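Pasting structure20.cif here (mmCIF, C-alpha atoms):
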```
data_query
#
loop_
_atom_site.group_PDB
_atom_site.id
_atom_site.type_symbol
_atom_site.label_atom_id
_atom_site.label_comp_id
_atom_site.auth_asym_id
_atom_site.auth_seq_id
_atom_site.Cartn_x
_atom_site.Cartn_y
_atom_site.Cartn_z
ATOM 1 C CA MET B 1 23.816 136.050 108.814
ATOM 2 C CA ASP B 2 24.338 139.639 107.796
ATOM 3 C CA PHE B 3 27.545 139.979 105.776
ATOM 4 C CA PHE B 4 29.096 142.565 108.091
ATOM 5 C CA ASP B 5 28.240 140.513 111.172
ATOM 6 C CA VAL B 6 30.083 137.570 109.616
ATOM 7 C CA VAL B 7 33.153 139.584 108.666
ATOM 8 C CA THR B 8 33.481 141.473 111.947
ATOM 9 C CA THR B 9 32.988 138.451 114.224
ATOM 10 C CA GLN B 10 35.040 135.870 112.332
ATOM 11 C CA ARG B 11 38.090 135.349 114.518
ATOM 12 C CA ALA B 12 40.680 132.628 115.052
ATOM 13 C CA MET B 13 38.907 129.830 116.922
ATOM 14 C CA ARG B 14 41.551 127.326 118.019
ATOM 15 C CA ARG B 15 39.544 125.496 120.674
ATOM 16 C CA LEU B 16 37.138 123.228 118.818
ATOM 17 C CA LYS B 17 34.651 120.506 119.655
ATOM 18 C CA THR B 18 35.105 117.024 118.198
ATOM 19 C CA ASP B 19 31.518 116.870 116.882
ATOM 20 C CA ALA B 20 31.310 115.898 113.222
ATOM 21 C CA ILE B 21 30.463 118.506 110.597
ATOM 22 C CA PRO B 22 27.591 117.323 108.333
ATOM 23 C CA ASP B 23 28.525 116.621 104.722
ATOM 24 C CA ASP B 24 26.116 119.198 103.316
ATOM 25 C CA VAL B 25 27.542 121.905 105.571
ATOM 26 C CA LEU B 26 31.105 121.013 104.606
ATOM 27 C CA LYS B 27 30.206 121.022 100.903
ATOM 28 C CA LYS B 28 28.636 124.469 101.255
ATOM 29 C CA ILE B 29 31.838 125.760 102.878
ATOM 30 C CA MET B 30 34.101 124.297 100.218
ATOM 31 C CA ASP B 31 31.891 125.617 97.429
ATOM 32 C CA THR B 32 32.713 129.137 98.575
ATOM 33 C CA ALA B 33 36.432 128.430 98.186
ATOM 34 C CA ILE B 34 36.188 127.898 94.440
ATOM 35 C CA CYS B 35 34.305 131.189 94.022
ATOM 36 C CA ALA B 36 37.330 133.186 95.178
ATOM 37 C CA PRO B 37 39.506 135.142 92.728
ATOM 38 C CA SER B 38 42.903 133.844 91.629
ATOM 39 C CA GLY B 39 45.779 135.256 89.595
ATOM 40 C CA GLY B 40 44.963 135.166 85.888
ATOM 41 C CA ASN B 41 41.868 133.143 86.835
ATOM 42 C CA ARG B 42 44.138 130.082 86.803
ATOM 43 C CA GLN B 43 42.204 128.524 89.688
ATOM 44 C CA ASN B 44 45.413 126.680 90.476
ATOM 45 C CA TRP B 45 44.246 125.705 93.916
ATOM 46 C CA SER B 46 43.573 122.308 95.469
ATOM 47 C CA PHE B 47 42.087 121.415 98.836
ATOM 48 C CA VAL B 48 42.761 118.229 100.760
ATOM 49 C CA VAL B 49 39.849 117.793 103.169
ATOM 50 C CA VAL B 50 40.981 115.419 105.900
ATOM 51 C CA ARG B 51 38.342 113.621 107.952
ATOM 52 C CA ASP B 52 39.970 110.196 108.353
ATOM 53 C CA GLN B 53 40.735 109.742 112.050
ATOM 54 C CA ALA B 54 44.149 108.149 111.598
ATOM 55 C CA ARG B 55 45.337 110.839 109.194
ATOM 56 C CA ARG B 56 44.021 113.596 111.449
ATOM 57 C CA ALA B 57 45.835 112.038 114.384
ATOM 58 C CA ARG B 58 49.091 111.884 112.429
ATOM 59 C CA LEU B 59 48.656 115.480 111.288
ATOM 60 C CA GLY B 60 48.216 116.350 114.936
ATOM 61 C CA GLU B 61 51.508 114.670 115.810
ATOM 62 C CA LEU B 62 53.364 116.488 113.038
ATOM 63 C CA TYR B 63 51.766 119.778 114.010
ATOM 64 C CA ARG B 64 52.797 119.280 117.626
ATOM 65 C CA GLU B 65 56.383 118.788 116.474
ATOM 66 C CA ALA B 66 56.099 121.888 114.282
ATOM 67 C CA TRP B 67 54.778 123.868 117.246
ATOM 68 C CA GLY B 68 57.951 122.956 119.125
ATOM 69 C CA GLU B 69 59.984 124.348 116.233
ATOM 70 C CA LEU B 70 57.953 127.553 116.173
ATOM 71 C CA MET B 71 58.604 128.171 119.838
ATOM 72 C CA LYS B 72 62.294 128.599 119.003
ATOM 73 C CA VAL B 73 61.438 131.667 116.884
ATOM 74 C CA PRO B 74 62.289 134.835 118.903
ATOM 75 C CA TYR B 75 58.822 136.408 118.736
ATOM 76 C CA TYR B 76 57.070 133.339 120.124
ATOM 77 C CA ALA B 77 59.839 132.522 122.565
ATOM 78 C CA GLY B 78 59.518 136.071 123.888
ATOM 79 C CA ALA B 79 55.748 135.731 124.210
ATOM 80 C CA THR B 80 56.221 133.023 126.837
ATOM 81 C CA LYS B 81 57.542 135.713 129.177
ATOM 82 C CA GLU B 82 54.393 137.824 128.892
ATOM 83 C CA PRO B 83 51.687 137.677 131.611
ATOM 84 C CA ALA B 84 49.073 134.996 130.988
ATOM 85 C CA ASP B 85 46.273 137.595 130.899
ATOM 86 C CA SER B 86 48.057 139.882 128.415
ATOM 87 C CA PRO B 87 47.085 139.853 124.704
ATOM 88 C CA ALA B 88 50.319 138.013 123.851
ATOM 89 C CA GLY B 89 49.799 135.570 126.693
ATOM 90 C CA LYS B 90 46.239 134.797 125.639
ATOM 91 C CA MET B 91 47.301 134.376 122.010
ATOM 92 C CA LEU B 92 50.046 131.981 123.028
ATOM 93 C CA ALA B 93 47.723 129.901 125.217
ATOM 94 C CA SER B 94 45.214 129.619 122.375
ATOM 95 C CA ALA B 95 47.899 128.663 119.861
ATOM 96 C CA ARG B 96 49.396 126.153 122.286
ATOM 97 C CA HIS B 97 46.003 124.520 122.699
ATOM 98 C CA LEU B 98 45.760 124.051 118.939
ATOM 99 C CA GLY B 99 49.302 122.695 118.917
ATOM 100 C CA GLU B 100 48.276 120.035 121.390
ATOM 101 C CA HIS B 101 44.809 119.238 119.998
ATOM 102 C CA LEU B 102 44.862 119.834 116.223
ATOM 103 C CA GLY B 103 44.312 116.154 115.469
ATOM 104 C CA GLU B 104 41.017 116.240 117.370
ATOM 105 C CA ALA B 105 39.413 118.759 114.997
ATOM 106 C CA PRO B 106 36.746 116.896 112.976
ATOM 107 C CA VAL B 107 37.945 118.404 109.692
ATOM 108 C CA ILE B 108 41.373 119.673 108.660
ATOM 109 C CA VAL B 109 41.715 121.402 105.292
ATOM 110 C CA LEU B 110 45.062 121.761 103.520
ATOM 111 C CA ALA B 111 44.846 124.611 101.017
ATOM 112 C CA CYS B 112 47.364 124.076 98.227
ATOM 113 C CA VAL B 113 48.496 126.018 95.189
ATOM 114 C CA THR B 114 50.263 124.762 92.068
ATOM 115 C CA LEU B 115 52.746 127.161 90.514
ATOM 116 C CA ASP B 116 53.545 127.542 86.846
ATOM 117 C CA PRO B 117 56.810 125.826 85.821
ATOM 118 C CA GLY B 118 59.843 127.900 86.752
ATOM 119 C CA VAL B 119 57.887 130.276 88.993
ATOM 120 C CA ARG B 120 59.216 130.696 92.521
ATOM 121 C CA VAL B 121 57.138 131.199 95.630
ATOM 122 C CA SER B 122 56.801 134.896 96.451
ATOM 123 C CA LEU B 123 54.543 137.257 98.341
ATOM 124 C CA THR B 124 52.223 137.530 95.343
ATOM 125 C CA THR B 125 51.767 133.744 95.235
ATOM 126 C CA GLY B 126 49.264 134.156 98.044
ATOM 127 C CA ALA B 127 46.947 136.147 95.782
ATOM 128 C CA SER B 128 45.964 132.873 94.121
ATOM 129 C CA ILE B 129 45.115 130.925 97.291
ATOM 130 C CA TYR B 130 44.519 133.108 100.358
ATOM 131 C CA PRO B 131 41.266 134.667 99.085
ATOM 132 C CA ALA B 132 39.931 131.102 98.849
ATOM 133 C CA VAL B 133 41.169 130.403 102.381
ATOM 134 C CA GLN B 134 39.360 133.483 103.677
ATOM 135 C CA ASN B 135 36.194 132.412 101.881
ATOM 136 C CA ILE B 136 36.363 129.069 103.690
ATOM 137 C CA MET B 137 36.716 130.744 107.070
ATOM 138 C CA LEU B 138 33.969 133.300 106.434
ATOM 139 C CA ALA B 139 31.569 130.614 105.232
ATOM 140 C CA ALA B 140 32.405 128.540 108.292
ATOM 141 C CA ARG B 141 31.640 131.523 110.523
ATOM 142 C CA ALA B 142 28.301 132.097 108.817
ATOM 143 C CA LEU B 143 27.407 128.475 109.562
ATOM 144 C CA GLY B 144 28.519 128.627 113.193
ATOM 145 C CA ILE B 145 31.760 126.710 112.648
ATOM 146 C CA GLY B 146 35.102 127.851 114.024
ATOM 147 C CA SER B 147 38.346 127.962 112.073
ATOM 148 C CA CYS B 148 41.757 129.544 111.917
ATOM 149 C CA LEU B 149 44.555 129.907 109.410
ATOM 150 C CA THR B 150 47.917 128.425 110.319
ATOM 151 C CA THR B 151 51.103 127.725 108.393
ATOM 152 C CA ILE B 152 53.047 126.089 111.237
ATOM 153 C CA HIS B 153 52.675 122.710 109.524
ATOM 154 C CA ARG B 154 55.317 123.840 107.036
ATOM 155 C CA PHE B 155 57.992 123.019 109.611
ATOM 156 C CA ARG B 156 57.037 119.425 108.720
ATOM 157 C CA ASP B 157 55.933 120.103 105.149
ATOM 158 C CA ALA B 158 57.631 117.081 103.563
ATOM 159 C CA GLN B 159 56.038 114.695 106.053
ATOM 160 C CA VAL B 160 52.615 116.308 105.609
ATOM 161 C CA LYS B 161 52.875 115.961 101.847
ATOM 162 C CA GLU B 162 53.903 112.328 102.143
ATOM 163 C CA LEU B 163 51.041 111.559 104.518
ATOM 164 C CA LEU B 164 48.434 113.090 102.200
ATOM 165 C CA GLY B 165 49.989 112.226 98.839
ATOM 166 C CA ILE B 166 50.536 115.864 97.884
ATOM 167 C CA PRO B 167 53.033 116.231 95.002
ATOM 168 C CA ALA B 168 56.381 117.791 95.866
ATOM 169 C CA ASP B 169 55.855 120.673 93.417
ATOM 170 C CA VAL B 170 52.570 121.728 95.056
ATOM 171 C CA GLU B 171 52.771 124.301 97.849
ATOM 172 C CA THR B 172 50.769 123.742 101.027
ATOM 173 C CA ALA B 173 49.809 127.346 101.689
ATOM 174 C CA ALA B 174 47.572 126.973 104.725
ATOM 175 C CA LEU B 175 46.170 124.490 107.187
ATOM 176 C CA ILE B 176 42.622 125.214 108.368
ATOM 177 C CA PRO B 177 41.065 123.201 111.207
ATOM 178 C CA LEU B 178 37.262 123.304 111.213
ATOM 179 C CA GLY B 179 34.946 122.495 114.090
ATOM 180 C CA TYR B 180 32.152 123.830 116.234
ATOM 181 C CA PRO B 181 33.807 126.243 118.659
ATOM 182 C CA LEU B 182 34.192 125.815 122.397
ATOM 183 C CA GLY B 183 34.425 129.602 122.750
ATOM 184 C CA ARG B 184 32.306 132.444 121.451
ATOM 185 C CA PHE B 185 32.531 134.400 118.253
ATOM 186 C CA GLY B 186 32.985 138.152 118.590
ATOM 187 C CA ARG B 187 34.784 141.140 117.223
ATOM 188 C CA PRO B 188 38.533 140.572 117.716
ATOM 189 C CA PRO B 189 40.773 143.253 119.258
ATOM 190 C CA ARG B 190 42.250 145.302 116.443
ATOM 191 C CA ARG B 191 44.052 148.605 115.900
ATOM 192 C CA SER B 192 41.668 151.335 114.789
ATOM 193 C CA VAL B 193 41.155 152.313 111.144
ATOM 194 C CA GLY B 194 42.641 155.705 111.959
ATOM 195 C CA GLU B 195 45.923 154.072 112.966
ATOM 196 C CA VAL B 196 46.401 151.981 109.840
ATOM 197 C CA ALA B 197 44.593 153.753 106.966
ATOM 198 C CA PHE B 198 46.070 156.857 105.356
ATOM 199 C CA ALA B 199 44.581 159.477 103.030
ATOM 200 C CA ASP B 200 46.346 159.701 99.655
ATOM 201 C CA ARG B 201 49.858 159.356 101.109
ATOM 202 C CA TRP B 202 51.598 157.503 103.916
ATOM 203 C CA GLY B 203 51.127 159.045 107.335
ATOM 204 C CA ARG B 204 48.258 161.405 106.499
ATOM 205 C CA ALA B 205 45.281 160.700 108.781
ATOM 206 C CA LEU B 206 42.171 159.473 107.022
ATOM 207 C CA GLY B 207 39.813 162.120 108.393
ATOM 208 C CA SER B 208 37.123 161.014 110.806
ATOM 209 C CA LEU B 209 37.077 157.296 109.871
#
```
Structure translated into structure tokens:
Amino acid sequence: MDFFDVVTTQRAMRRLKTDAIPDDVLKKIMDTAICAPSGGNRQNWSFVVVRDQARRARLGELYREAWGELMKVPYYAGATKEPADSPAGKMLASARHLGEHLGEAPVIVLACVTLDPGVRVSLTTGASIYPAVQNIMLAARALGIGSCLTTIHRFRDAQVKELLGIPADVETAALIPLGYPLGRFGRPPRRSVGEVAFADRWGRALGSL
């Protein structure tokens, strides 16, 4: 696929088929992850690729519990009051579907990052793992596979780590379900460039872009 077609049509696909992803396709996706940049070129990432049915099912149970916790957060609790056909309503329905069916995705990837001793998790920690996560999702899109990035599992982080043998000092930065999509790819609704990009200083419109 053309690069710009991939980037502009890669969207959160939370409704996924249960069909298996071939090994060679999965390897190609994961190979893109390790080509991403990382802070200081530490490459301090790890990826747990879960295909075992029992482990996927248990992850699904934990994720369902975590979804229940998320729905107590004001933003998401408020979204339940929005009309079903509104952007918030559609987002919530899609996220709820994943909450109920995560364990059915044929592949679930846990993207992890190991921090240097004494270093605390901060906003900049993501610079060493989220580019790799985006590479995974873009590669999946190019190969016709749906994905999304979620961190809801962290409501049950200790149980997830125990299930998958992830050391306590390793951060689980993202959970990425992979599967052939039930829906269609397409450009997602977004605010325009003119609304979010400024020329030289905050608030100055960026010309005709």
Margin query: Taking 3 positions as the minimum chain separation for residues in the same chain, which residues sit within 9 Å of region 178-184 of chain B when counting all atoms listed in the file? Answer as a list of chain:residue names.
Written below: B:Met13, B:Arg14, B:Arg15, B:Leu16, B:Lys17, B:Thr18, B:Asp19, B:Ala20, B:Ile21, B:Ala105, B:Pro106, B:Val107, B:Ile108, B:Val109, B:Met137, B:Ala140, B:Gly144, B:Ile145, B:Gly146, B:Ser147, B:Cys148
Item checked: Exercise: Arg56 (chain B) partners within 9 Å, all atoms listed in the file, chain neighbours under 2 positions left out, as JSON, numbers by chain -> {"B": [50, 51, 52, 53, 54, 58, 59, 60, 61, 102, 103, 104, 105, 106, 107, 108]}
Notebook entry, point to check: Suppose you want the space between CA of Trp45 (chain B) and CA of Ala158 (chain B); what is it in Å?
Noted result: 18.6 Å
Next item on the list: For a cut-off of 12 Å around (42.4, 142.3, 113.3), file coordinates, pick out all residues using only C-alpha atoms and list them as a PyMOL selection string.
Entry: chain B and resi 7-12+186-193+196
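Here CA of Pro117 (chain B) and CA of Glu162 (chain B) stand 21.4 Å from one another.
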List every protein, DNA or RNA residue that has at least one atom no more than 8 Å from (51.1, 122.2, 100.6) in the file's coordinates, counting only C-alpha atoms, and write the result as an mmCIF file with C-alpha atoms, keeping the file's coordinate frame.
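That gives us result_39.cif:
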```cif
data_model
loop_
_atom_site.group_PDB
_atom_site.id
_atom_site.type_symbol
_atom_site.label_atom_id
_atom_site.label_comp_id
_atom_site.auth_asym_id
_atom_site.auth_seq_id
_atom_site.Cartn_x
_atom_site.Cartn_y
_atom_site.Cartn_z
ATOM 1 C CA LEU B 110 45.062 121.761 103.520
ATOM 2 C CA ALA B 111 44.846 124.611 101.017
ATOM 3 C CA CYS B 112 47.364 124.076 98.227
ATOM 4 C CA VAL B 113 48.496 126.018 95.189
ATOM 5 C CA ARG B 154 55.317 123.840 107.036
ATOM 6 C CA ASP B 157 55.933 120.103 105.149
ATOM 7 C CA VAL B 160 52.615 116.308 105.609
ATOM 8 C CA LYS B 161 52.875 115.961 101.847
ATOM 9 C CA ILE B 166 50.536 115.864 97.884
ATOM 10 C CA VAL B 170 52.570 121.728 95.056
ATOM 11 C CA GLU B 171 52.771 124.301 97.849
ATOM 12 C CA THR B 172 50.769 123.742 101.027
ATOM 13 C CA ALA B 173 49.809 127.346 101.689
ATOM 14 C CA ALA B 174 47.572 126.973 104.725
#
```
Check: If you measure from CA of Gly126 (chain B) to CA of Gly165 (chain B), what distance in Å do you get, rounded to one decimal?
Finding: 22.0 Å
Item checked: Nearby residues (all atoms listed in the file) at most 6 Å from region 29-43 of chain B, same-chain spacing under 6 positions excluded, as a list of chain:residue names ->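 Neighbouring residues, sequence-local ones excluded: B:Ser128, B:Pro131, B:Ala132, B:Asn135, B:Ile136, B:Ala139.
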Restricting the output to C-alpha atoms, write the selected residues as a short mmCIF file (atom, residue, chain, number, x, y, z; two decimals), in the frame of the given file.
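To be explicit, this is the file written out as selection.cif:
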```cif
data_model
loop_
_atom_site.label_atom_id
_atom_site.label_comp_id
_atom_site.auth_asym_id
_atom_site.auth_seq_id
_atom_site.Cartn_x
_atom_site.Cartn_y
_atom_site.Cartn_z
CA SER B 128 45.96 132.87 94.12
CA PRO B 131 41.27 134.67 99.08
CA ALA B 132 39.93 131.10 98.85
CA ASN B 135 36.19 132.41 101.88
CA ILE B 136 36.36 129.07 103.69
CA ALA B 139 31.57 130.61 105.23
#
```
Next item on the list: Check the smallest atom-to-atom distance from each of B:Phe3, B:Asp169, B:Tyr63, B:Pro177 to Val121 (chain B) using all atoms listed in the file, then report the winner.
Entry: B:Asp169
Next item on the list: Considering only C-alpha atoms, state which residue in the set B:Lys90, B:Arg201, B:Lys81, B:Arg156 is at the smallest distance from Leu62 (chain B).
Entry: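 When distances to Leu62 (chain B) are compared using only C-alpha atoms, the smallest one comes from B:Arg156.
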Margin query: Show me, as a list of chain:residue names, the residues that have an atom within 6 Å of Gly99 (chain B) when counting all atoms listed in the file, minus same-chain residues fewer than 3 positions from it.
Written below: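 So, after excluding close chain neighbours, the residues are B:Arg64, B:Trp67, B:Arg96, B:Leu102.
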I'd like the contact shell of Gly207 (chain B) - 9 Å cut-off, all atoms listed in the file, skipping same-chain residues fewer than 3 positions apart - returned as a PDB file with C-alpha atoms, in the frame of the given file.
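Result file is around_10.pdb:
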```pdb
ATOM      1  CA  GLY B 194      42.641 155.705 111.959  1.00  0.00           C
ATOM      2  CA  PHE B 198      46.070 156.857 105.356  1.00  0.00           C
ATOM      3  CA  ALA B 199      44.581 159.477 103.030  1.00  0.00           C
ATOM      4  CA  ARG B 204      48.258 161.405 106.499  1.00  0.00           C
TER       5      ARG B 204
END
```
Check: For Ile129 (chain B), which residue among B:Gly68, B:Glu100, B:Ser46, B:Met1 is the nearest when counting all atoms listed in the file?
Finding: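 Checking each of B:Gly68, B:Glu100, B:Ser46, B:Met1 against Ile129 (chain B), counting all atoms listed in the file, the winner is B:Ser46.
Of the listed residues (B:Tyr76, B:Tyr130, B:Thr114, B:Arg120), B:Tyr76 comes nearest to Ala88 (chain B); the distances count all atoms listed in the file.
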